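Chemist: The structure's right below; bear with me while I get my questions together.
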Amino acid sequence: MTTQTFDPVQYKSGQRQVWDQVAAGWKKWWPTLEEALQPVSDHLVDLAEIRHGHRVLDVGSGSGEPAVIAARRVGLEGSVVATDQSPQMLEIGRERATALGLKNLEFQEMDSEALEFPESSFDAVLSRFSLMFLPNLAIVLFRIRGALVLDGKFATAVWDSAPRVPLASLGVNLAQQMFQMPAPPAGTPSVFGLAEGRLEEAMAQAGFRRVRSEPLQVVFRFQSATAFIEFAKDLSAPLLAVLVNQPAERQSEYWVKLVAAAQQYASEDGRLRIPNTAICAVGQR
């Protein structure tokens, strides 16, 4: 029996393909996503104490959050740089910034592990739901800290452990039960991998001072369980990669069972309300 080993280069290449693949779905479901996620962006901007005139970096910004909120906060005398490795996601961000008339927001295609900014370039750094996907988190945090001015703040959000994030765990758990998916190689990043104090520990080890964290509820709402399934099909690229290797009847069975699992979050009118828990943390250089 051979043991799989984790290849970070291959993993990051796959991640870029995954996020490019789901960019169209992200744009389609933008109202649903941001209804749930904007409170997280607002909270991160507050935690980082971003003010008028600040220079801000948003790492792993994807389609431009919380970069857009930060750009509004800093005004024309400030500036925001949003980085991500997915060109398709960044293009959505550029379209949004143009539509909103934001002149102080710049998007750069960049691997988070290869951030290249001069020392003390930013008054604050943000990152929303991206750190969990990075295989070399220590390097990223070191670079983020170096990009901050003295006493500048880094605010970030990650997902809590699986039971507290049913939006993601429902589909994953069902796929594991039905298809006996093998465990990933040791060292593979996970959506839930920075829960239970691991994020705060990593930030402290990177040299951040006064690290603190707090939970924040994130509620996703869907018109029906069917809408939730459509959402999953559009945005869950890794899950679809597993299903594509299954016979058509097993795929159909999977989606029927996922609908049934999602019903626990349905109200009498059939609408779904799925509560999840994010962990918001902040540290100071």
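Here, A, B, ... name the chains of the structure tokens in the order displayed, residue numbers run from 1 inside each chain, and ligands are numbered from 1 in the same displayed order.
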Considering only strand (DSSP E) as DSSP defines it on the backbone, what residues of stretch 48-282 of chain A qualify? List them as JSON, numbers by chain.
Modeler: {"A": [55, 56, 57, 58, 59, 79, 80, 81, 82, 83, 84, 105, 106, 107, 108, 109, 122, 123, 124, 125, 126, 127, 128, 148, 149, 150, 151, 152, 153, 154, 155, 156, 157, 158, 159, 209, 210, 211, 212, 213, 214, 215, 216, 217, 218, 219, 220, 221, 222, 272, 273, 274, 275, 276, 277, 278, 279, 280, 281, 282]}
Chemist: Give me a file of those residues, with C-alpha atoms, as a short mmCIF file (atom, residue, chain, number, x, y, z; two decimals), in the first residue's frame.
Modeler:
```
data_model
loop_
_atom_site.label_atom_id
_atom_site.label_comp_id
_atom_site.auth_asym_id
_atom_site.auth_seq_id
_atom_site.Cartn_x
_atom_site.Cartn_y
_atom_site.Cartn_z
CA ARG A 55 -3.20 52.19 2.62
CA VAL A 56 -4.75 48.71 2.74
CA LEU A 57 -3.86 45.27 1.35
CA ASP A 58 -6.50 42.55 0.87
CA VAL A 59 -4.84 39.12 0.53
CA SER A 79 -5.66 53.23 -1.50
CA VAL A 80 -6.41 49.50 -1.55
CA VAL A 81 -4.55 46.68 -3.30
CA ALA A 82 -6.43 43.39 -3.73
CA THR A 83 -4.43 40.27 -4.60
CA ASP A 84 -5.48 36.77 -5.66
CA LEU A 105 -8.78 50.07 -5.71
CA GLU A 106 -6.18 48.09 -7.65
CA PHE A 107 -6.29 44.35 -8.40
CA GLN A 108 -3.10 42.30 -8.80
CA GLU A 109 -2.78 38.63 -9.73
CA PHE A 122 0.36 49.25 4.37
CA ASP A 123 -1.47 50.62 7.38
CA ALA A 124 -3.70 47.54 7.50
CA VAL A 125 -4.00 44.11 5.89
CA LEU A 126 -7.18 42.06 5.47
CA SER A 127 -7.94 38.50 4.39
CA ARG A 128 -11.39 36.91 4.27
CA LEU A 148 2.55 46.37 7.71
CA VAL A 149 3.69 49.61 9.30
CA LEU A 150 4.69 49.42 12.96
CA ASP A 151 1.52 48.91 15.03
CA GLY A 152 -0.47 48.25 11.84
CA LYS A 153 -3.20 45.63 12.14
CA PHE A 154 -3.98 42.42 10.28
CA ALA A 155 -7.60 41.22 10.44
CA THR A 156 -8.71 37.91 8.98
CA ALA A 157 -11.63 35.48 8.94
CA VAL A 158 -11.58 31.69 8.62
CA TRP A 159 -14.23 29.02 9.09
CA ARG A 209 1.17 41.02 19.01
CA ARG A 210 -2.10 41.28 20.89
CA VAL A 211 -3.72 38.51 18.87
CA ARG A 212 -7.35 38.00 19.71
CA SER A 213 -10.28 36.26 18.05
CA GLU A 214 -14.03 36.00 18.30
CA PRO A 215 -16.81 33.97 16.66
CA LEU A 216 -19.23 35.56 14.21
CA GLN A 217 -22.40 33.93 12.93
CA VAL A 218 -22.73 33.79 9.14
CA VAL A 219 -26.21 32.88 7.87
CA PHE A 220 -26.82 31.71 4.31
CA ARG A 221 -30.41 31.92 3.06
CA PHE A 222 -31.92 30.05 0.11
CA LEU A 272 -33.56 27.47 4.08
CA ARG A 273 -31.63 29.31 6.76
CA ILE A 274 -28.19 27.74 7.29
CA PRO A 275 -26.22 29.23 10.22
CA ASN A 276 -22.43 28.89 10.22
CA THR A 277 -19.66 30.16 12.46
CA ALA A 278 -16.67 32.19 11.29
CA ILE A 279 -13.63 32.99 13.38
CA CYS A 280 -12.49 36.61 13.09
CA ALA A 281 -9.00 37.36 14.38
CA VAL A 282 -6.81 40.44 14.57
#
```
Chemist: Quick one: residues within 9 Å of A:Ser224, only C-alpha atoms counted, chain neighbours fewer than 6 positions away excluded, as JSON, numbers by chain?
Modeler: {"A": [263, 266, 269, 270, 271, 272]}
Chemist: Go ahead and write the residues just picked, N, CA and C atoms, as a PDB file, in the first residue's frame.
Modeler:
```pdb
ATOM      1  N   GLN A 263     -32.898  19.709   4.442  1.00  0.00           N
ATOM      2  CA  GLN A 263     -34.240  20.023   4.924  1.00  0.00           C
ATOM      3  C   GLN A 263     -34.273  20.346   6.417  1.00  0.00           C
ATOM      4  N   ALA A 266     -34.850  23.933   6.904  1.00  0.00           N
ATOM      5  CA  ALA A 266     -35.989  24.541   6.221  1.00  0.00           C
ATOM      6  C   ALA A 266     -37.057  25.009   7.206  1.00  0.00           C
ATOM      7  N   ASP A 269     -42.277  27.403   5.147  1.00  0.00           N
ATOM      8  CA  ASP A 269     -42.503  27.825   3.760  1.00  0.00           C
ATOM      9  C   ASP A 269     -41.468  27.261   2.795  1.00  0.00           C
ATOM     10  N   GLY A 270     -40.559  26.406   3.296  1.00  0.00           N
ATOM     11  CA  GLY A 270     -39.574  25.756   2.438  1.00  0.00           C
ATOM     12  C   GLY A 270     -38.268  26.503   2.288  1.00  0.00           C
ATOM     13  N   ARG A 271     -38.191  27.722   2.795  1.00  0.00           N
ATOM     14  CA  ARG A 271     -36.944  28.487   2.707  1.00  0.00           C
ATOM     15  C   ARG A 271     -35.902  27.912   3.667  1.00  0.00           C
ATOM     16  N   LEU A 272     -34.639  27.979   3.249  1.00  0.00           N
ATOM     17  CA  LEU A 272     -33.556  27.469   4.077  1.00  0.00           C
ATOM     18  C   LEU A 272     -32.810  28.611   4.762  1.00  0.00           C
TER      19      LEU A 272
END
```
Chemist: Extract, using only C-alpha atoms, all DNA, RNA and protein residues at most 7 Å from stretch 8-25 of chain A, discarding same-chain residues fewer than 4 positions from it, and format them as a list in words.
Modeler: Trp29, Gln85, Ser86, Pro87, Gln88, Met89, Pro135, Asp234, Leu235 and Ala237 of chain A
Chemist: Create the file for the chosen residues now, containing C-alpha atoms and written as a CSV table (one decimal), in the first residue's frame.
Modeler:
```csv
chain,number,residue,atom,x,y,z
A,29,TRP,CA,-24.8,33.9,-6.7
A,85,GLN,CA,-4.1,34.0,-7.8
A,86,SER,CA,-7.3,33.5,-9.8
A,87,PRO,CA,-7.5,35.8,-12.8
A,88,GLN,CA,-11.2,35.0,-13.3
A,89,MET,CA,-12.1,35.9,-9.8
A,135,PRO,CA,-0.1,25.2,2.3
A,234,ASP,CA,-22.2,26.0,-9.2
A,235,LEU,CA,-19.7,26.6,-6.5
A,237,ALA,CA,-15.8,22.4,-7.8
```
Chemist: Using only C-alpha atoms, can you tell me which of A:Leu33, A:Met203, A:Val191, A:Ile92 comes closest to A:Ile139?
Modeler: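 Ranking A:Leu33, A:Met203, A:Val191, A:Ile92 by distance to A:Ile139, first place goes to A:Met203.
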Chemist: With distances taken over only C-alpha atoms, which of A:Leu100, A:His54, A:Leu47, A:Pro39 is nearest to A:Val68?
Modeler: A:Leu100
Chemist: Which of stretch 89-221 of chain A counts as helix (DSSP H, G or I) under DSSP, as a PyMOL selection string please?
Modeler: chain A and resi 89-100+112-114+131-133+137-147+162-164+166-179+198-205
Chemist: Which neighbours of A:His52 fall inside 10 Å, counting only C-alpha atoms, when residues of the same chain fewer than 5 positions from it are skipped, and could you give them as a list of chain:residue names?
Modeler: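 Contacts, in chain order: A:Ala70, A:Ala71, A:Arg72, A:Arg73, A:Val74, A:Gly75, A:Leu76, A:Glu77, A:Gly78, A:Ser79.
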Chemist: My list of candidates is A:Pro163, A:Gly207, A:Gly93, A:Gly101. Which is closest to A:Gln284 when distances are computed with only C-alpha atoms?
Modeler: A:Gly207
Chemist: Using only C-alpha atoms, which residues sit within 9 Å of stretch 254-258 of chain A once same-chain residues fewer than 6 positions away are excluded, as number ranges by chain?
Modeler: A: 170-171, 174-175, 178, 225, 229, 243
